[in-house]
Amino acid sequence: MTEHELLTDDLLERFRGRATAYDAENRFFQEDFDELVEAGYLRALVPAEFGGLGLSLEQTARLQVRLAGAAPATALAVNMHLVWTGIAKTLHDRGDHALDLVLREAGAGEVFAFGLSEAGNDLVLFGSTTEARPAGDGSYTFHGRKIFTSLSPAWTRLGTMGLDSASADAPKIVYGFIDRDAGGFEIRDDWDTIGMRATQSRTTVLDGARSAADRIVRRLAPGPNPDPLVFAIFANFEILLAAVYTGIGARALELAVAAAHRRTSLKDDGRSYANDPDIRWRVAEAAIEQDALLPQLDALARDVDTLANHGALWFPKLVGLKVRATETARRVVDQAVRVSGGSTYFAGNEVGRLYRDVLAGIFHPSDAESAHNTVANAWLGPVAD
């Protein structure tokens, strides 16, 4: 199945047409979501043997570029479900079946959300402010506050983590999945942001949410860990996130080109701004930067698919891609704003909305500081005591 068969031009135009209203009304992208489910999009990374489409990470990343070009918030929210299915597939491809439950359930129509982020937790995967309390039968209950939980109105399964400080072998970071129907949590209606509004990435307060023993997928020592789950999370999160922001940049470049041809100059006898040397430089600068992203995205996703061995350089490559994609998208959108003129300052303008949406890229892990530390450690070694 090609990109254009799964995400048809007509489908994407409907998404683009709804994006302005979702943003203005701060509303979940329910109609987009329903159409994506009907198209089988949420099963993209699920192998055929589990009822999915059997696409590769490289193929799915390209699809996310295309989807984000029409509706960035829709793409970003769906990303979080795709990340979990991608994690499960990455492990499955390497002979680890601990997350096959994700593939089975996603293939059957369950929707997974990413409930790992915590306010103030700059350890990210290597620590947690959430309590994971052992129940004695192998199950755990989780107690804490998770932020940026995309798909809040729609998820049926939440992948989360917390710190077990009570077991004999404590401390351990515990990863598990909870069911929406089982309760033990509160979703706060607190998503009122300047961009990516349709994601409805609301705060989730865990207060006894239970993960059964057979849904606890890892217990890991805190701190940096070579466990394949950690690699799978980083790989899928960073690559699919980079795909979304690559799509935003691509759309911004299209809009900049259109604006340059549409706008005319009184001081230049009504000629279009496409002839203005300063405008031409801005569009060219944006195109040069944007052009570098897709080959990197394709190559790194393909390396995950083919089980390439980058050893200690895997994490620098992954965080580097994320930072390049998000920062490039910000610069390209900024050029599009400057080329398009004052109309972008009005609510409802697509370039103006991209300007607000693209800002979210700086908040996703790994942030620029963490990424540079990762890369510096890989090339220079840790800082001496």
# chains A, B, ... in the order shown; residues from 1 in each chain; ligands from 1

call {"tool": "closest_atom_pairs", "arguments": {"of": "stretch 144-262 of chain A", "to": "stretch 41-62 of chain A", "cutoff": "9 Å", "atoms": "only C-alpha atoms", "output": "Markdown table"}}
result
| residue | atom | partner | partner_atom | distance |
| --- | --- | --- | --- | --- |
| A:Asn236 | CA | A:Leu57 | CA | 8.0 |
| A:Ile239 | CA | A:Ala61 | CA | 7.2 |
| A:Leu240 | CA | A:Ala61 | CA | 5.6 |
| A:Leu241 | CA | A:Ala61 | CA | 8.7 |
| A:Ala242 | CA | A:Ala61 | CA | 8.4 |
| A:Ala243 | CA | A:Ala61 | CA | 5.5 |
| A:Val244 | CA | A:Ala61 | CA | 8.1 |
| A:Gly247 | CA | A:Arg62 | CA | 8.8 |

call {"tool": "residues_around", "arguments": {"residues": "A:Glu186", "least_positions_apart": "3", "cutoff": "12 Å", "atoms": "only C-alpha atoms", "output": "list in words"}}
result
His143, Gly144, Arg145, Lys146, Ile147, Thr149, Ser152, Pro153, Arg180, Ala182, Gly183, Asp189, Asp190, Arg202, Thr203, Thr204, Val205, Leu206, Asp207, Gly208 and Ala209 of chain A

call {"tool": "residues_around", "arguments": {"residues": "A:His261", "least_positions_apart": "2", "cutoff": "10 Å", "atoms": "only C-alpha atoms", "output": "VMD selection string"}}
result
chain A and resid 255 to 259 263 to 264 271 to 275 340

call {"tool": "closest_residue", "arguments": {"among": "A:Asp367, A:Glu350, A:Glu35, A:Asp100", "to": "A:Val217", "atoms": "only C-alpha atoms"}}
result
A:Asp100

call {"tool": "select_by_dssp", "arguments": {"residues": "stretch 26-209 of chain A", "states": "alpha helix (DSSP H)", "output": "JSON, numbers by chain"}}
result
{"A": [30, 31, 32, 33, 34, 35, 36, 37, 38, 39, 57, 58, 59, 60, 61, 62, 63, 64, 65, 66, 67, 68, 69, 70, 72, 73, 74, 75, 76, 77, 78, 79, 80, 81, 82, 83, 84, 85, 86, 87, 88, 89, 90, 91, 92, 93, 100, 101, 102, 103, 104, 105, 106, 107]}
